[in-house]
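Below is my_file-v7.cif, which holds mmCIF, C-alpha atoms.
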```cif
data_coords
loop_
_atom_site.label_atom_id
_atom_site.label_comp_id
_atom_site.auth_asym_id
_atom_site.auth_seq_id
_atom_site.Cartn_x
_atom_site.Cartn_y
_atom_site.Cartn_z
CA CYS U 233 32.89 -49.98 19.13
CA TYR U 234 30.92 -48.43 16.24
CA GLU U 235 33.67 -49.72 13.96
CA TYR U 236 32.15 -53.19 14.22
CA GLY U 237 28.78 -52.23 12.73
CA LEU U 238 25.50 -54.09 13.22
CA ILE U 239 26.65 -57.24 14.99
CA ASN U 240 24.76 -58.84 17.86
CA GLY U 241 26.48 -60.90 20.53
CA LYS U 242 30.07 -61.09 21.74
CA ILE U 243 32.67 -59.33 19.59
CA LYS U 244 36.40 -60.09 19.51
CA GLU U 245 39.04 -57.71 18.18
CA ASP U 246 39.80 -59.93 15.18
CA ARG U 247 36.22 -59.57 13.91
CA ASN U 248 35.97 -57.84 10.53
CA THR U 249 34.74 -54.29 10.86
CA LYS U 250 31.69 -53.17 8.86
CA PRO U 251 30.75 -49.73 10.20
CA ILE U 252 27.52 -48.15 8.99
CA CYS U 253 27.37 -44.81 10.82
CA SER U 254 29.60 -41.83 10.06
CA LEU U 255 31.47 -42.07 13.39
CA GLY U 256 32.24 -45.77 12.87
CA ILE U 257 33.29 -45.23 9.26
CA ALA U 258 35.59 -42.33 10.21
CA LYS U 259 37.21 -44.28 13.05
CA ASN U 260 37.68 -47.35 10.85
CA ASN U 261 39.26 -45.24 8.09
CA LEU U 262 41.56 -43.56 10.60
CA ARG U 263 42.63 -46.94 12.05
CA ASN U 264 43.40 -48.28 8.56
CA TYR U 265 45.39 -45.14 7.75
CA VAL U 266 47.39 -45.28 11.00
CA GLN U 267 48.06 -49.01 10.59
CA ASN U 268 49.42 -48.34 7.10
CA LEU U 269 51.66 -45.61 8.53
CA GLN U 270 52.82 -48.09 11.16
CA LEU U 271 53.99 -50.48 8.44
CA LYS U 272 56.04 -47.69 6.87
CA TYR U 273 57.45 -46.00 9.99
CA LYS U 274 57.58 -48.92 12.48
CA PHE U 275 55.98 -47.45 15.62
CA LYS U 276 54.01 -49.08 18.44
CA LEU U 277 50.24 -48.92 18.19
CA THR U 278 47.45 -49.89 20.52
CA TRP U 279 44.05 -49.07 19.03
CA VAL U 280 41.48 -48.92 21.83
CA ARG U 281 37.87 -49.68 20.92
CA LEU U 282 35.76 -48.09 23.63
CA PHE U 283 32.37 -49.53 24.38
CA TYR U 284 29.64 -47.60 26.20
CA ILE U 285 31.10 -45.32 28.86
CA TYR U 286 29.04 -44.11 31.77
CA GLY U 287 29.83 -41.70 34.58
CA ILE U 288 29.65 -38.06 35.51
CA ASN U 289 30.85 -35.64 32.85
CA PRO U 290 29.96 -32.04 33.70
CA ASN U 291 30.34 -30.92 30.09
CA ARG U 292 28.03 -33.44 28.43
CA ASN U 293 24.42 -34.50 28.41
CA THR U 294 25.15 -38.11 29.43
CA LEU U 295 22.69 -40.65 30.76
CA THR U 296 24.34 -40.47 34.18
CA ASN U 297 24.00 -36.69 34.25
CA LEU U 298 20.36 -36.91 33.16
CA LEU U 299 19.56 -39.43 35.90
CA VAL U 300 21.35 -37.49 38.63
CA LYS U 301 19.86 -34.12 37.64
CA ASN U 302 16.31 -35.33 36.84
CA ASN U 303 13.69 -33.01 38.28
CA LYS U 304 10.89 -35.63 38.31
CA LYS U 305 8.71 -33.42 36.09
CA ASN U 306 9.88 -34.75 32.74
CA PRO U 307 10.39 -38.49 32.33
CA ILE U 308 13.56 -39.96 30.91
CA ILE U 309 12.30 -42.43 28.28
CA LEU U 310 14.56 -45.42 27.68
CA ASN U 311 14.32 -48.48 25.45
CA VAL U 312 13.56 -51.51 27.60
CA LYS U 313 15.16 -53.92 25.08
CA ILE U 314 18.61 -52.30 24.97
CA LYS U 315 21.59 -54.31 26.20
CA ARG U 316 25.09 -52.90 25.91
CA ASP U 317 28.57 -53.30 27.28
CA TYR U 318 28.84 -50.45 29.79
CA VAL U 319 32.14 -49.39 31.37
CA ASN U 320 32.68 -46.77 34.03
CA ILE U 321 34.73 -43.72 33.08
CA ASN U 322 37.06 -44.26 36.06
CA TYR U 323 37.88 -47.78 34.83
CA VAL U 324 38.47 -46.41 31.33
CA ALA U 325 40.97 -43.87 32.68
CA LYS U 326 42.86 -46.54 34.67
CA VAL U 327 43.08 -48.84 31.65
CA PHE U 328 44.35 -46.06 29.38
CA PHE U 329 47.04 -45.27 31.95
CA LYS U 330 48.10 -48.93 32.17
CA LEU U 331 48.20 -49.28 28.39
CA PHE U 332 50.22 -46.08 28.06
CA LYS U 333 52.75 -47.31 30.65
CA LYS U 334 53.18 -50.65 28.82
CA ASN U 335 54.26 -48.81 25.65
CA LYS U 336 53.68 -51.90 23.47
CA ASN U 337 52.18 -52.74 20.11
CA PHE U 338 48.91 -54.49 21.00
CA GLY U 339 46.89 -53.55 17.90
CA PRO U 340 43.12 -53.29 18.37
CA VAL U 341 41.94 -53.80 21.96
CA ASN U 342 38.35 -53.80 23.19
CA LEU U 343 38.00 -51.63 26.28
CA CYS U 344 34.82 -53.15 27.66
CA SER U 345 33.34 -55.09 30.57
CA GLY U 346 32.86 -58.26 28.54
CA LYS U 347 29.20 -58.42 29.63
CA SER U 348 25.87 -57.68 28.02
CA ILE U 349 24.06 -55.48 30.53
CA PRO U 350 20.41 -54.41 30.21
CA LEU U 351 20.02 -50.63 30.24
CA LYS U 352 17.56 -51.00 33.11
CA GLN U 353 20.30 -52.67 35.20
CA LEU U 354 22.73 -49.83 34.46
CA VAL U 355 20.12 -47.27 35.52
CA SER U 356 19.62 -49.16 38.82
CA LYS U 357 23.38 -49.14 39.40
CA ILE U 358 23.59 -45.38 38.79
CA LYS U 359 20.58 -44.74 41.03
CA MET U 360 22.19 -46.65 43.90
CA LYS U 361 25.63 -45.09 43.44
CA PHE U 362 24.34 -41.51 43.41
CA LYS U 363 21.38 -42.11 45.75
CA VAL U 364 18.86 -40.64 43.31
CA ASN U 365 15.41 -41.69 42.17
CA PRO U 366 14.82 -40.15 38.73
CA TYR U 367 11.58 -40.40 36.78
CA VAL U 368 12.38 -43.12 34.23
CA VAL U 369 9.93 -44.72 31.82
CA TYR U 370 10.90 -47.87 29.91
CA LYS U 371 9.25 -48.45 26.53
CA ASN U 372 9.77 -50.42 23.36
CA THR U 373 11.09 -47.39 21.52
CA ILE U 374 12.49 -47.40 18.01
CA GLN U 375 16.06 -48.63 17.94
CA ARG U 376 18.74 -46.42 16.38
CA ASN U 377 19.48 -47.92 12.96
CA PHE U 378 23.26 -47.99 13.48
CA GLU U 379 23.26 -49.90 16.79
CA PRO U 380 22.39 -53.55 17.31
CA GLU U 381 19.98 -54.41 20.11
CA ASP U 382 22.41 -56.53 22.14
CA PHE U 383 26.14 -56.59 21.64
CA TYR U 384 29.17 -56.62 23.89
CA GLY U 385 32.90 -56.86 23.65
CA CYS U 386 35.21 -59.72 24.42
CA ASN U 387 37.72 -58.44 26.98
CA GLU U 388 40.03 -61.48 27.16
CA LYS U 389 42.84 -59.68 25.30
CA LEU U 390 42.49 -56.62 27.55
CA LYS U 391 42.62 -58.73 30.70
CA LYS U 392 45.85 -60.43 29.57
CA ILE U 393 47.44 -57.07 28.77
CA ILE U 394 46.62 -55.21 32.00
CA GLN U 395 47.07 -57.99 34.56
#
```

Rendering of file as structure tokens:
Amino acid sequence: CYEYGLINGKIKEDRNTKPICSLGIAKNNLRNYVQNLQLKYKFKLTWVRLFYIYGINPNRNTLTNLLVKNNKKNPIILNVKIKRDYVNINYVAKVFFKLFKKNKNFGPVNLCSGKSIPLKQLVSKIKMKFKVNPYVVYKNTIQRNFEPEDFYGCNEKLKKIIQ
């Protein structure tokens, strides 16, 4: 979703992209390149724009892993103002499988929940799911300059495709 840039609110796939971070710029450039190849070679393309994925990943330092493994000695400091569109890794895998099986040209598709969820709510969900009680401190921390405070994807196109 970093392709979209600094946009607050609900974002549809037809929204112009204005990435500002290196990851967003690279993904946007790659999408443009692949879409130009598609015009020349006529292949099917579904470009999935992933929003914020959560879940256990043993090889990464994810928020879920931090919460589950927290030793209560060091607090996990989180921004109380953050709202994002969080999707579970298991849902992401299922959607990718469904899209792959369809073998169609859908163009850009937001893979998201379609909801703006406060980070505090996501943490509560993870705590309940894994039956953990990590040491979490919520503060008004400085926002990363390449992420808006509150944005989420429109998942209407995705819902129509995978139903």

Reference answer for the PyMOL selection byres ((chain U and resi 368) around 10), as a VMD selection string:
chain U and resid 299 302 304 306 to 310 352 355 365 to 367 369 to 371

- Shell of 10 Å around Trp279 (chain U), only C-alpha atoms, local chain residues under 2 positions omitted, as a PyMOL selection string: chain U and resi 263+266-267+276-277+281-282+337-343

inquiry  = One decimal, in Å: what's the spacing between CA of Gly241 (chain U) and CA of Pro350 (chain U)?
reply    =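 Answer for the CA of Gly241 (chain U) to CA of Pro350 (chain U) separation: 13.1 Å.
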
Checklist entry - Which residues fall under the PyMOL selection byres ((chain U and resi 320-331) around 12) in this file, as a ChimeraX atom specification? => result /U:276-289,294,296,317-319,332-345,354,357-358,361,387,390-395

Run the PyMOL selection byres ((chain U and resi 244) around 9) on the file and write out the hits as a list of chain:residue names.
U:Lys242, U:Ile243, U:Glu245, U:Asp246, U:Arg247, U:Val341, U:Asn342, U:Gly385, U:Cys386, U:Asn387, U:Glu388, U:Lys389

With distances taken over all atoms listed in the file, the candidate from U:Gly346, U:Glu235, U:Lys363, U:Leu269 nearest Leu255 (chain U) is U:Glu235
